[in-house]
$ cat coords32.cif   # mmCIF, C-alpha atoms and all ligand atoms
data_coords
#
loop_
_atom_site.label_atom_id
_atom_site.label_comp_id
_atom_site.auth_asym_id
_atom_site.auth_seq_id
_atom_site.Cartn_x
_atom_site.Cartn_y
_atom_site.Cartn_z
CA MET K 1 -4.56 -5.93 12.39
CA SER K 2 -7.55 -6.61 10.21
CA ALA K 3 -7.79 -10.01 8.63
CA ASP K 4 -4.49 -10.15 6.70
CA ASN K 5 -2.78 -6.76 6.79
CA THR K 6 -3.14 -6.16 3.05
CA SER K 7 -4.49 -3.05 1.42
CA ALA K 8 -7.58 -3.05 -0.76
CA TYR K 9 -9.38 -0.12 -2.29
CA MET K 10 -12.73 1.22 -3.42
CA PRO K 11 -12.81 3.43 -6.54
CA GLY K 12 -14.34 6.88 -6.80
CA PHE K 13 -13.93 10.49 -5.72
CA GLY K 14 -16.26 12.04 -3.14
CA ASN K 15 -18.36 8.88 -2.93
CA ASP K 16 -20.31 7.81 0.09
CA PHE K 17 -18.44 4.59 0.86
CA GLU K 18 -19.10 1.82 3.34
CA THR K 19 -16.74 -0.94 4.40
CA GLU K 20 -16.28 -3.37 7.27
CA ALA K 21 -13.25 -5.45 8.26
CA LEU K 22 -15.50 -7.93 10.10
CA PRO K 23 -18.86 -8.94 8.65
CA GLY K 24 -21.93 -7.42 10.27
CA THR K 25 -20.14 -4.55 12.04
CA LEU K 26 -21.93 -1.67 10.32
CA PRO K 27 -25.32 -0.74 11.78
CA GLN K 28 -27.85 -0.76 8.98
CA GLY K 29 -30.44 1.97 8.45
CA GLN K 30 -29.09 4.15 11.27
CA ASN K 31 -25.81 5.50 12.65
CA SER K 32 -26.25 5.25 16.42
CA PRO K 33 -28.01 2.11 17.65
CA GLN K 34 -28.37 1.75 21.39
CA ARG K 35 -25.61 -0.87 21.25
CA CYS K 36 -23.38 -1.27 18.22
CA PRO K 37 -22.53 -4.73 16.86
CA TYR K 38 -19.42 -6.33 18.45
CA GLY K 39 -19.58 -3.82 21.32
CA LEU K 40 -17.99 -1.15 19.13
CA TYR K 41 -18.33 2.56 19.79
CA ALA K 42 -19.95 4.81 17.16
CA GLU K 43 -18.20 8.09 16.42
CA GLN K 44 -18.65 10.80 13.81
CA LEU K 45 -15.64 12.55 12.24
CA SER K 46 -16.66 15.81 10.56
CA GLY K 47 -14.53 17.41 7.86
CA SER K 48 -17.01 20.20 7.16
CA PRO K 49 -19.43 22.12 9.36
CA PHE K 50 -22.61 20.09 9.94
CA THR K 51 -24.54 22.62 7.89
CA ALA K 52 -22.22 22.85 4.84
CA PRO K 53 -24.08 22.57 1.52
CA ARG K 54 -24.57 18.98 0.40
CA ALA K 55 -21.86 19.26 -2.31
CA THR K 56 -19.17 20.11 0.24
CA ASN K 57 -20.55 18.31 3.28
CA GLU K 58 -18.02 15.74 4.47
CA ARG K 59 -18.27 13.35 7.39
CA SER K 60 -17.70 9.71 8.19
CA TRP K 61 -19.11 7.38 10.84
CA LEU K 62 -16.48 5.24 12.51
CA TYR K 63 -17.24 2.03 14.48
CA ARG K 64 -14.27 1.47 16.73
CA ILE K 65 -12.94 -0.56 19.64
CA ARG K 66 -12.55 2.54 21.82
CA PRO K 67 -13.85 6.06 21.23
CA SER K 68 -11.21 8.66 20.33
CA VAL K 69 -11.37 10.24 23.79
CA LYS K 70 -9.57 7.11 24.96
CA HIS K 71 -6.82 7.82 22.41
CA SER K 72 -6.10 11.15 23.96
CA GLY K 73 -4.81 11.76 27.48
CA ARG K 74 -3.15 14.86 28.82
CA TYR K 75 -1.20 16.58 26.10
CA LYS K 76 2.23 18.00 26.56
CA ALA K 77 3.97 20.34 24.15
CA VAL K 78 6.73 18.95 21.94
CA ASP K 79 9.03 20.64 19.49
CA LEU K 80 9.19 19.81 15.81
CA PRO K 81 11.18 22.89 14.85
CA LEU K 82 11.47 22.16 11.13
CA TRP K 83 7.71 21.83 10.54
CA LYS K 84 6.54 25.43 10.30
CA SER K 85 3.09 26.97 9.91
CA ALA K 86 1.77 30.21 8.47
CA PRO K 87 1.89 32.99 9.37
CA ALA K 88 5.68 32.91 9.30
CA PRO K 89 6.46 35.79 6.97
CA PHE K 90 10.13 36.56 6.61
CA ASP K 91 11.20 33.57 8.71
CA SER K 92 14.07 33.61 6.22
CA GLU K 93 16.29 36.66 5.85
CA LEU K 94 16.75 35.90 2.16
CA PRO K 95 15.61 38.70 -0.13
CA ILE K 96 12.85 37.88 -2.60
CA GLY K 97 13.95 36.13 -5.77
CA GLN K 98 13.57 33.04 -7.91
CA THR K 99 14.79 30.10 -5.86
CA ARG K 100 15.81 26.54 -6.61
CA TRP K 101 17.19 23.70 -4.54
CA ASP K 102 18.74 20.30 -5.10
CA PRO K 103 17.11 17.53 -3.03
CA VAL K 104 17.24 17.74 0.74
CA PRO K 105 19.78 15.17 1.98
CA TYR K 106 18.74 12.38 4.35
CA PRO K 107 19.71 13.43 7.88
CA ALA K 108 22.38 11.57 9.85
CA GLU K 109 19.97 10.76 12.68
CA ALA K 110 17.05 8.37 12.09
CA VAL K 111 13.78 10.25 11.65
CA ASP K 112 10.25 9.08 10.96
CA PHE K 113 7.81 10.64 8.50
CA ILE K 114 6.78 13.30 11.05
CA ALA K 115 10.23 14.21 12.41
CA GLY K 116 11.51 14.14 8.82
CA MET K 117 9.15 16.88 7.66
CA ARG K 118 10.97 20.06 6.54
CA THR K 119 8.88 23.08 5.68
CA MET K 120 10.05 25.04 2.65
CA THR K 121 7.30 27.66 2.38
CA THR K 122 4.25 28.86 4.26
CA ALA K 123 1.32 30.89 2.92
CA GLY K 124 -1.77 32.41 4.51
CA ASP K 125 -2.76 31.79 8.09
CA VAL K 126 -3.35 28.47 9.75
CA HIS K 127 -5.64 30.15 12.31
CA GLY K 128 -7.91 31.44 9.55
CA GLN K 129 -8.02 28.06 7.76
CA ALA K 130 -6.62 29.70 4.62
CA GLY K 131 -3.36 29.06 2.85
CA MET K 132 -0.93 26.20 2.77
CA ALA K 133 2.60 25.04 3.41
CA SER K 134 5.01 23.27 1.06
CA HIS K 135 7.15 20.65 2.75
CA THR K 136 9.70 18.08 1.76
CA TYR K 137 10.16 14.96 3.88
CA VAL K 138 13.12 12.66 4.37
CA ALA K 139 12.35 9.60 6.48
CA THR K 140 14.36 6.57 7.56
CA LEU K 141 12.33 5.19 10.45
CA ASP K 142 8.96 3.42 10.63
CA MET K 143 6.30 4.85 12.93
CA GLN K 144 5.66 1.70 14.95
CA ASP K 145 3.72 2.66 18.05
CA ALA K 146 3.74 6.33 17.13
CA TYR K 147 0.66 7.95 15.64
CA PHE K 148 -0.13 11.42 14.38
CA PHE K 149 -2.94 13.66 13.33
CA ASN K 150 -2.97 17.15 11.86
CA ALA K 151 -5.77 19.42 13.01
CA ASP K 152 -4.41 22.21 10.79
CA GLY K 153 -5.20 20.77 7.40
CA GLU K 154 -5.16 17.84 5.03
CA LEU K 155 -1.85 16.46 3.80
CA LEU K 156 -1.32 15.80 0.11
CA VAL K 157 1.71 13.51 -0.04
CA VAL K 158 3.83 13.21 -3.20
CA PRO K 159 6.45 10.46 -2.84
CA GLN K 160 9.58 11.00 -4.91
CA GLU K 161 11.79 8.15 -3.65
CA GLY K 162 10.71 5.09 -1.65
CA ARG K 163 7.27 3.71 -1.00
CA LEU K 164 5.05 4.66 1.92
CA ARG K 165 2.62 2.45 3.77
CA VAL K 166 0.13 4.81 5.38
CA PHE K 167 -2.05 3.17 8.03
CA THR K 168 -5.00 5.50 8.59
CA GLU K 169 -8.01 5.15 10.83
CA LEU K 170 -10.02 4.18 7.75
CA GLY K 171 -7.56 1.69 6.22
CA ILE K 172 -4.18 1.24 4.58
CA LEU K 173 -2.78 3.20 1.63
CA ASP K 174 0.27 1.76 -0.13
CA VAL K 175 1.74 4.65 -2.07
CA ALA K 176 4.74 4.59 -4.43
CA PRO K 177 6.49 7.33 -6.40
CA LEU K 178 4.22 8.47 -9.27
CA GLU K 179 1.26 8.03 -6.93
CA ILE K 180 -0.03 10.54 -4.41
CA CYS K 181 -2.26 10.28 -1.37
CA VAL K 182 -4.36 12.65 0.68
CA ILE K 183 -4.80 12.25 4.44
CA PRO K 184 -7.75 14.25 5.76
CA ARG K 185 -7.49 16.86 8.51
CA GLY K 186 -7.86 15.25 11.91
CA MET K 187 -7.42 11.66 10.75
CA VAL K 188 -4.99 9.58 12.80
CA PHE K 189 -2.29 7.70 10.90
CA ARG K 190 1.19 6.26 11.01
CA VAL K 191 3.65 5.71 8.17
CA GLU K 192 5.93 2.77 7.47
CA LEU K 193 8.75 2.76 4.92
CA PRO K 194 8.82 -0.55 3.00
CA ASP K 195 12.06 0.50 1.28
CA GLY K 196 13.78 1.59 4.48
CA ARG K 197 13.81 5.24 3.54
CA ALA K 198 11.67 7.70 1.65
CA ARG K 199 11.76 11.24 0.34
CA GLY K 200 9.01 13.34 -1.16
CA TYR K 201 6.88 16.42 -0.92
CA VAL K 202 3.81 17.40 1.06
CA CYS K 203 1.25 20.12 0.49
CA GLU K 204 -0.43 20.95 3.78
CA ASN K 205 -3.73 22.54 2.83
CA TYR K 206 -5.19 24.71 5.59
CA GLY K 207 -8.30 25.59 3.56
CA ALA K 208 -11.28 23.83 2.02
CA THR K 209 -10.51 20.25 1.03
CA PHE K 210 -9.09 19.29 -2.35
CA THR K 211 -11.66 18.45 -4.97
CA LEU K 212 -11.69 17.71 -8.69
CA PRO K 213 -11.63 20.80 -10.92
CA ASP K 214 -14.60 21.43 -13.20
CA ARG K 215 -13.75 20.44 -16.77
CA GLY K 216 -15.83 23.09 -18.55
CA PRO K 217 -15.93 22.52 -22.32
CA ILE K 218 -13.52 19.57 -21.99
CA GLY K 219 -16.65 17.63 -21.04
CA ALA K 220 -17.26 14.60 -18.88
CA ASN K 221 -13.91 12.82 -19.32
CA CYS K 222 -10.11 13.25 -19.23
CA LEU K 223 -7.78 14.96 -16.78
CA ALA K 224 -8.16 13.10 -13.46
CA ASN K 225 -11.08 10.71 -13.70
CA PRO K 226 -12.98 9.98 -10.46
CA ARG K 227 -12.73 6.20 -10.68
CA ASP K 228 -8.92 6.38 -10.52
CA PHE K 229 -9.05 7.69 -6.95
CA LYS K 230 -8.85 4.83 -4.46
CA THR K 231 -10.06 4.81 -0.88
CA PRO K 232 -8.96 1.97 1.42
CA THR K 233 -11.29 -0.64 2.82
CA ALA K 234 -11.54 -0.84 6.61
CA ALA K 235 -8.53 -2.24 8.48
CA PHE K 236 -7.74 -2.07 12.17
CA GLU K 237 -5.12 -2.76 14.80
CA ASP K 238 -6.22 -4.39 18.06
CA LYS K 239 -2.93 -3.70 19.78
CA GLU K 240 -2.33 -3.06 23.49
CA LYS K 241 1.10 -1.42 23.62
CA PRO K 242 2.46 1.83 25.03
CA SER K 243 1.98 4.30 22.18
CA THR K 244 2.18 8.00 21.46
CA VAL K 245 -0.22 10.21 19.54
CA THR K 246 1.33 13.45 18.30
CA VAL K 247 -0.97 16.25 17.24
CA LYS K 248 -0.33 19.34 15.14
CA TRP K 249 -2.74 22.04 16.29
CA CYS K 250 -2.54 25.70 15.19
CA GLY K 251 1.11 25.31 14.28
CA ARG K 252 2.15 23.74 17.57
CA PHE K 253 2.81 20.13 18.43
CA TYR K 254 1.55 18.13 21.39
CA VAL K 255 1.98 14.53 22.40
CA THR K 256 -0.14 12.22 24.51
CA GLU K 257 0.67 8.72 25.75
CA ILE K 258 -1.83 5.88 25.54
CA GLY K 259 -1.74 2.14 26.06
CA HIS K 260 -3.09 0.90 22.76
CA SER K 261 -3.33 1.60 19.03
CA PRO K 262 -5.77 4.34 18.04
CA LEU K 263 -6.18 2.71 14.61
CA ASP K 264 -9.05 0.61 15.93
CA VAL K 265 -11.83 1.35 13.43
CA VAL K 266 -13.41 -1.98 12.44
CA ALA K 267 -15.99 -0.53 10.06
CA TRP K 268 -16.94 2.86 8.69
CA HIS K 269 -19.15 4.63 6.22
CA GLY K 270 -19.12 8.15 4.82
CA ASN K 271 -17.36 10.52 2.45
CA TYR K 272 -14.62 12.05 4.64
CA VAL K 273 -11.89 9.69 3.56
CA PRO K 274 -8.22 9.23 2.73
CA TYR K 275 -7.44 8.38 -0.87
CA LYS K 276 -4.64 7.71 -3.31
CA TYR K 277 -4.26 8.41 -6.99
CA ASP K 278 -1.85 7.14 -9.65
CA LEU K 279 -0.54 10.15 -11.60
CA ARG K 280 -0.08 7.92 -14.66
CA THR K 281 -3.85 7.69 -14.98
CA PHE K 282 -4.13 11.44 -15.64
CA SER K 283 -5.30 11.99 -19.21
CA PRO K 284 -3.74 15.28 -20.33
CA VAL K 285 -5.53 17.58 -22.71
CA GLY K 286 -3.50 20.17 -24.60
CA ALA K 287 -2.93 22.27 -27.68
CA ILE K 288 -3.29 20.12 -30.79
CA LEU K 289 -2.61 22.83 -33.37
CA PHE K 290 -0.64 25.76 -31.96
CA ASP K 291 0.34 27.71 -28.82
CA HIS K 292 0.96 26.77 -25.21
CA PRO K 293 -2.09 26.68 -22.95
CA ASP K 294 -2.09 27.76 -19.32
CA PRO K 295 -0.89 25.00 -16.98
CA SER K 296 -4.31 24.92 -15.30
CA ILE K 297 -5.23 22.27 -17.89
CA PHE K 298 -3.01 19.93 -15.88
CA THR K 299 -4.80 20.46 -12.56
CA VAL K 300 -5.30 17.16 -10.75
CA LEU K 301 -6.92 18.57 -7.62
CA THR K 302 -7.98 22.03 -6.59
CA ALA K 303 -8.68 23.42 -3.13
CA PRO K 304 -10.99 26.36 -3.66
CA SER K 305 -10.93 29.60 -1.74
CA GLY K 306 -14.19 31.51 -1.33
CA GLU K 307 -13.52 33.30 -4.61
CA PRO K 308 -14.52 31.58 -7.86
CA GLY K 309 -11.57 30.38 -9.97
CA THR K 310 -9.05 31.51 -7.35
CA ALA K 311 -7.64 28.44 -5.68
CA ASN K 312 -6.35 28.38 -2.16
CA VAL K 313 -4.05 25.80 -3.73
CA ASP K 314 -3.99 23.76 -6.93
CA PHE K 315 -2.09 20.53 -7.39
CA VAL K 316 -0.89 20.53 -11.00
CA ILE K 317 1.27 17.95 -12.80
CA PHE K 318 3.41 17.95 -15.94
CA PRO K 319 3.07 14.33 -17.09
CA PRO K 320 4.41 12.53 -20.16
CA ARG K 321 2.61 13.85 -23.25
CA TRP K 322 2.88 14.43 -26.96
CA MET K 323 3.90 17.89 -28.14
CA VAL K 324 2.48 18.58 -31.58
CA ALA K 325 1.84 22.33 -31.78
CA GLU K 326 2.96 23.91 -35.05
CA ASN K 327 4.90 27.17 -35.30
CA THR K 328 4.96 27.33 -31.53
CA PHE K 329 7.45 27.97 -28.78
CA ARG K 330 6.55 24.76 -26.98
CA PRO K 331 8.01 25.09 -23.45
CA PRO K 332 6.31 27.42 -20.95
CA TRP K 333 6.32 31.05 -22.04
CA TYR K 334 8.05 33.71 -19.97
CA HIS K 335 5.61 34.94 -17.40
CA ARG K 336 4.74 36.72 -14.18
CA ASN K 337 1.90 35.32 -12.12
CA ILE K 338 -0.23 36.61 -9.28
CA MET K 339 -0.24 33.05 -7.93
CA SER K 340 2.85 31.52 -6.35
CA GLU K 341 4.40 28.40 -7.80
CA PHE K 342 6.26 25.78 -5.76
CA MET K 343 7.51 23.00 -8.03
CA GLY K 344 9.10 19.60 -7.54
CA LEU K 345 10.36 16.94 -9.90
CA ILE K 346 9.49 13.31 -9.25
CA THR K 347 11.35 11.85 -12.21
CA GLY K 348 12.92 12.75 -15.56
CA GLN K 349 13.44 16.24 -16.92
CA TYR K 350 11.21 19.32 -16.96
CA ASP K 351 10.97 20.95 -20.39
CA ALA K 352 11.60 24.54 -19.24
CA LYS K 353 14.73 23.53 -17.31
CA GLU K 354 16.50 20.47 -18.69
CA GLN K 355 19.51 21.08 -16.43
CA GLY K 356 19.67 22.08 -12.78
CA PHE K 357 16.15 21.00 -11.80
CA ILE K 358 16.76 17.43 -10.74
CA PRO K 359 14.51 14.70 -9.32
CA GLY K 360 13.88 15.46 -5.65
CA GLY K 361 14.73 19.12 -6.29
CA MET K 362 12.41 22.08 -5.78
CA SER K 363 11.86 25.56 -7.11
CA LEU K 364 9.85 28.56 -5.99
CA HIS K 365 8.60 31.24 -8.35
CA ASN K 366 6.73 33.57 -6.09
CA MET K 367 3.94 36.10 -6.64
CA MET K 368 4.77 38.37 -9.61
CA LEU K 369 8.40 37.27 -9.89
CA PRO K 370 9.39 36.68 -13.53
CA HIS K 371 10.49 33.28 -14.77
CA GLY K 372 10.42 30.93 -17.74
CA PRO K 373 12.76 28.68 -19.70
CA ASP K 374 16.48 28.95 -19.06
CA ALA K 375 18.75 30.28 -21.82
CA ASP K 376 19.53 26.81 -23.20
CA GLY K 377 15.85 25.89 -23.21
CA PHE K 378 14.93 29.07 -25.06
CA GLU K 379 17.67 28.55 -27.63
CA LYS K 380 16.72 24.91 -28.22
CA ALA K 381 12.97 25.51 -28.45
CA SER K 382 13.38 28.51 -30.73
CA ARG K 383 15.39 26.51 -33.26
CA ALA K 384 13.80 23.06 -32.92
CA GLU K 385 12.37 21.34 -35.93
CA LEU K 386 8.76 20.88 -34.97
CA GLY K 387 7.52 17.38 -35.55
CA PRO K 388 5.38 15.40 -33.12
CA GLN K 389 7.58 14.84 -30.09
CA LYS K 390 6.90 12.80 -26.97
CA LEU K 391 7.97 14.16 -23.63
CA ASP K 392 8.46 10.83 -21.93
CA ALA K 393 9.51 9.42 -18.56
CA THR K 394 8.92 12.70 -16.79
CA MET K 395 6.74 13.91 -13.94
CA ALA K 396 6.98 17.37 -12.44
CA PHE K 397 4.34 18.98 -10.25
CA MET K 398 3.35 22.34 -8.83
CA PHE K 399 1.64 23.53 -5.65
CA GLU K 400 0.18 26.80 -6.92
CA THR K 401 -1.53 29.10 -4.46
CA ARG K 402 -3.23 32.46 -4.71
CA LEU K 403 -1.16 33.55 -1.69
CA PRO K 404 2.51 34.51 -1.55
CA GLN K 405 4.69 31.67 -0.26
CA HIS K 406 7.17 32.74 2.40
CA LEU K 407 10.47 30.90 2.63
CA THR K 408 11.32 29.28 5.92
CA ASP K 409 14.69 29.83 7.51
CA PHE K 410 15.38 26.16 6.76
CA ALA K 411 14.70 26.70 3.04
CA GLY K 412 16.71 29.92 2.88
CA SER K 413 19.77 28.46 4.56
CA LEU K 414 19.59 24.96 3.08
CA GLU K 415 22.98 23.93 1.72
CA THR K 416 21.39 22.58 -1.45
CA ARG K 417 20.00 25.98 -2.45
CA GLN K 418 21.45 26.97 -5.81
CA GLU K 419 22.87 30.43 -5.23
CA ASP K 420 23.50 30.80 -8.95
CA TYR K 421 19.97 29.82 -10.05
CA ILE K 422 19.34 33.27 -11.48
CA ASP K 423 22.27 32.74 -13.87
CA CYS K 424 20.24 30.21 -15.85
CA TRP K 425 18.72 33.24 -17.60
CA ALA K 426 22.00 35.14 -17.99
CA GLY K 427 22.60 33.86 -21.51
CA LEU K 428 19.30 35.22 -22.89
CA LYS K 429 20.51 37.60 -25.57
CA LYS K 430 18.99 40.67 -27.07
CA ARG K 431 17.65 39.50 -30.45
CA PHE K 432 16.02 42.74 -31.42
CA ASN K 433 18.00 44.48 -34.13
CA GLY K 434 15.33 46.58 -35.81
CA THR K 435 14.62 44.01 -38.53
CA PRO K 436 11.48 41.81 -38.59
CA GLU K 437 13.66 38.67 -38.54
CA GLY K 438 15.61 39.69 -35.42
CA ASP K 439 19.14 38.52 -34.76
CA TRP K 440 19.39 34.70 -34.63
CA ASP K 441 23.11 34.26 -35.34
O1 LIG Q 1 6.71 28.12 -14.36
C1 LIG Q 1 6.54 26.96 -14.67
O2 LIG Q 1 7.43 26.27 -15.16
C2 LIG Q 1 5.14 26.35 -14.53
C3 LIG Q 1 4.33 26.74 -15.72
C4 LIG Q 1 4.23 25.89 -16.80
C5 LIG Q 1 3.55 26.27 -17.92
O3 LIG Q 1 3.46 25.43 -18.95
C6 LIG Q 1 2.97 27.51 -17.99
C7 LIG Q 1 3.05 28.38 -16.89
C8 LIG Q 1 3.72 27.97 -15.76
O4 LIG Q 1 3.79 28.75 -14.68
FE FE Q 2 5.43 29.55 -13.77
#
$ encode --input "coords32.cif" --output "structure tokens"
Amino acid sequence: MSADNTSAYMPGFGNDFETEALPGTLPQGQNSPQRCPYGLYAEQLSGSPFTAPRATNERSWLYRIRPSVKHSGRYKAVDLPLWKSAPAPFDSELPIGQTRWDPVPYPAEAVDFIAGMRTMTTAGDVHGQAGMASHTYVATLDMQDAYFFNADGELLVVPQEGRLRVFTELGILDVAPLEICVIPRGMVFRVELPDGRARGYVCENYGATFTLPDRGPIGANCLANPRDFKTPTAAFEDKEKPSTVTVKWCGRFYVTEIGHSPLDVVAWHGNYVPYKYDLRTFSPVGAILFDHPDPSIFTVLTAPSGEPGTANVDFVIFPPRWMVAENTFRPPWYHRNIMSEFMGLITGQYDAKEQGFIPGGMSLHNMMLPHGPDADGFEKASRAELGPQKLDATMAFMFETRLPQHLTDFAGSLETRQEDYIDCWAGLKKRFNGTPEGDWD
């Protein structure tokens, strides 16, 4: 392990960072000296094509004890049947419809962060590097001498219960509920569970990497500010022990056995990096006179597709905030959406669904399927006396993609699926009675 096995961070989003766990390990003024300091090997990890425009060009230079070819032997196929990849249309026999689940229970057998991954939805095509998958994870076992990397996309991890200690090639991320982290495509890592068990959500993004949304007329501040993103300083393991490296590659899994830790990067520089972000540092902007804006104002990170304004996937949150709009139905309006909305609740209550959507739970409102506040929510919001009101101690989020999200068989047959979810709208009455006031009795 590096010096003292603690995590430390550098602020900024998309920066060109440099960091060394031992002084004097980074070559200066060049990337590939004839011999690197300390006898380290130089290696480039590219997250974009070499020729990508400067604004989207991502790569890091890693100075490591062994080159990555030594962390990869012969691969053999392994099965992780609950981690699914697109295309998997109609993996579930369930007809289309609004869907909601209570939290996935912890399994009886001990599983680590990788074996504990359960795919709920898939969208797009992993082979075409477009689309995403929504997962929930339930983990009870540390990855000790077990390592993993995902060639299929970056992983945006949203802890809901229990902290995660994510050892990556570039350093250590300590992540707690109400924080998130992003692990880049191809980066080796392992996850420990300081609280013994952990549950949360993962967005696997097959497409272009997450970036900060443009703010337009909002200006240079608010929403997610770049300095609140934290990238770890270099940390390494110099560990000679029988170990496994599992790889996800085009939807399949392979394992290779090696005799040492692959987390052996002593120093690195570059902009292809893991990072974490505290959702409490998001500065929401909203309606300060009337009406309910589109939820895109709460976008933390967006992964663009090739089409302007049309995200491969957006990561959107619904954080604590003041509601002040006058003469306004304040919860989300009823709507149908070309994009597909997978939601989770980290803590508290969500204003459109005060009952039934519980922390650790999930919902899916797919392409063009109607949804909005439940009958109780509509009733309450339509009659509420409208003073300034704080929505407090709450944090919901959404993975919203331009592509339809297909349910997995696991999601469709999960025992915590609420078969009666649709009934939450049953009590919505006809109020139209031919008079301008309508019928509010
Ligand atoms: O469906 C949802 O609850 C998410 C959502 C919230 C909102 O404020 C507006 C639109 C929207 O899809
Ligand atoms: Fe919605």
$ residues_near_ligand --input "coords32.cif" --ligand "ligand FE 2 (chain Q)" --cutoff "8 Å" --atoms "all atoms listed in the file" --output "PyMOL selection string"
chain K and resi 332+334-337+341+365+371-372
$ closest_residue --input "coords32.cif" --among "K:Arg163, K:His127, K:Arg330, K:Arg66" --to "ligand LIG 1 (chain Q)" --atoms "only C-alpha atoms and all ligand atoms"
K:Arg330
$ axis_aligned_box --input "coords32.cif" --around "stretch 364-379 of chain K" --padding-each-side "5 Å" --output "AutoDock Vina command-line options"
--center_x 11.7 --center_y 32.1 --center_z -16.8 --size_x 25.6 --size_y 22.5 --size_z 31.6
$ atom_distance --input "coords32.cif" --atom1 "atom CA of K:Lys70" --atom2 "atom CA of K:Gln28"
25.5 Å
$ closest_atom_pairs --input "coords32.cif" --of "chain K" --to "ligand LIG 1 (chain Q)" --cutoff "10 Å" --atoms "only C-alpha atoms and all ligand atoms" --output "tab-separated table"
residue	atom	partner	partner_atom	distance
K:His292	CA	Q:LIG1	O3	6.9
K:Pro293	CA	Q:LIG1	O3	7.0
K:Asp294	CA	Q:LIG1	C6	5.2
K:Pro295	CA	Q:LIG1	C5	4.7
K:Ser296	CA	Q:LIG1	C6	8.2
K:Ile297	CA	Q:LIG1	O3	9.3
K:Phe298	CA	Q:LIG1	O3	9.0
K:Val316	CA	Q:LIG1	C2	9.1
K:Ile317	CA	Q:LIG1	C4	9.4
K:Phe318	CA	Q:LIG1	C4	8.0
K:Arg330	CA	Q:LIG1	O3	8.6
K:Pro331	CA	Q:LIG1	O3	6.4
K:Pro332	CA	Q:LIG1	O3	4.0
K:Trp333	CA	Q:LIG1	C6	6.3
K:Tyr334	CA	Q:LIG1	C7	7.9
K:His335	CA	Q:LIG1	O4	7.0
K:Arg336	CA	Q:LIG1	O4	8.0
K:Asn337	CA	Q:LIG1	O4	7.3
K:Met339	CA	Q:LIG1	O4	9.0
K:Ser340	CA	Q:LIG1	O4	8.8
K:Glu341	CA	Q:LIG1	O4	6.9
K:Phe342	CA	Q:LIG1	C2	8.9
K:Met343	CA	Q:LIG1	C2	7.7
K:Tyr350	CA	Q:LIG1	O2	8.1
K:Asp351	CA	Q:LIG1	O2	8.3
K:Ala352	CA	Q:LIG1	O2	6.1
K:Lys353	CA	Q:LIG1	O2	8.1
K:Ser363	CA	Q:LIG1	O2	9.2
K:Leu364	CA	Q:LIG1	O1	9.0
K:His365	CA	Q:LIG1	O1	7.0
K:Asn366	CA	Q:LIG1	O1	9.9
K:Pro370	CA	Q:LIG1	O1	9.0
K:His371	CA	Q:LIG1	O1	6.4
K:Gly372	CA	Q:LIG1	O1	5.8
K:Pro373	CA	Q:LIG1	O2	7.4
K:Ala396	CA	Q:LIG1	O2	9.3
K:Phe397	CA	Q:LIG1	C2	8.6
K:Met398	CA	Q:LIG1	C2	7.2
K:Phe399	CA	Q:LIG1	C2	10.0
K:Glu400	CA	Q:LIG1	O4	8.8
$ atom_distance --input "coords32.cif" --atom1 "atom CA of K:His406" --atom2 "atom CA of K:Ser85"
10.3 Å
$ residues_around --input "coords32.cif" --residues "K:Leu279" --least-positions-apart "3" --cutoff "9 Å" --atoms "all atoms listed in the file" --output "MDAnalysis selection string"
chainID K and resid 178:180 224 282 300 317 319 395
$ residues_around --input "coords32.cif" --residues "K:Arg199" --least-positions-apart "3" --cutoff "7 Å" --atoms "only C-alpha atoms" --output "list in words"
Tyr137, Val138, Ala139, Pro159, Gln160, Glu161 and Gly162 of chain K
$ atom_distance --input "coords32.cif" --atom1 "atom CA of K:Asp16" --atom2 "atom CA of K:Gly270"
4.9 Å
$ residues_around --input "coords32.cif" --residues "K:Asn150" --least-positions-apart "2" --cutoff "9 Å" --atoms "all atoms listed in the file" --output "ChimeraX atom specification"
/K:148,152-155,184-188,246-249
$ residues_around --input "coords32.cif" --residues "K:Asn225" --least-positions-apart "6" --cutoff "12 Å" --atoms "only C-alpha atoms" --output "mmCIF file with C-alpha atoms, in the frame of the given file"
data_model
loop_
_atom_site.group_PDB
_atom_site.id
_atom_site.type_symbol
_atom_site.label_atom_id
_atom_site.label_comp_id
_atom_site.auth_asym_id
_atom_site.auth_seq_id
_atom_site.Cartn_x
_atom_site.Cartn_y
_atom_site.Cartn_z
ATOM 1 C CA PRO K 11 -12.810 3.430 -6.540
ATOM 2 C CA GLY K 12 -14.340 6.880 -6.800
ATOM 3 C CA PHE K 13 -13.930 10.490 -5.720
ATOM 4 C CA GLY K 14 -16.260 12.040 -3.140
ATOM 5 C CA THR K 211 -11.660 18.450 -4.970
ATOM 6 C CA LEU K 212 -11.690 17.710 -8.690
ATOM 7 C CA PRO K 213 -11.630 20.800 -10.920
ATOM 8 C CA ASP K 214 -14.600 21.430 -13.200
ATOM 9 C CA ARG K 215 -13.750 20.440 -16.770
ATOM 10 C CA GLY K 219 -16.650 17.630 -21.040
ATOM 11 C CA TYR K 277 -4.260 8.410 -6.990
ATOM 12 C CA ASP K 278 -1.850 7.140 -9.650
ATOM 13 C CA LEU K 279 -0.540 10.150 -11.600
ATOM 14 C CA ARG K 280 -0.080 7.920 -14.660
ATOM 15 C CA THR K 281 -3.850 7.690 -14.980
ATOM 16 C CA PHE K 282 -4.130 11.440 -15.640
ATOM 17 C CA SER K 283 -5.300 11.990 -19.210
ATOM 18 C CA PRO K 284 -3.740 15.280 -20.330
ATOM 19 C CA THR K 299 -4.800 20.460 -12.560
ATOM 20 C CA VAL K 300 -5.300 17.160 -10.750
ATOM 21 C CA LEU K 301 -6.920 18.570 -7.620
#
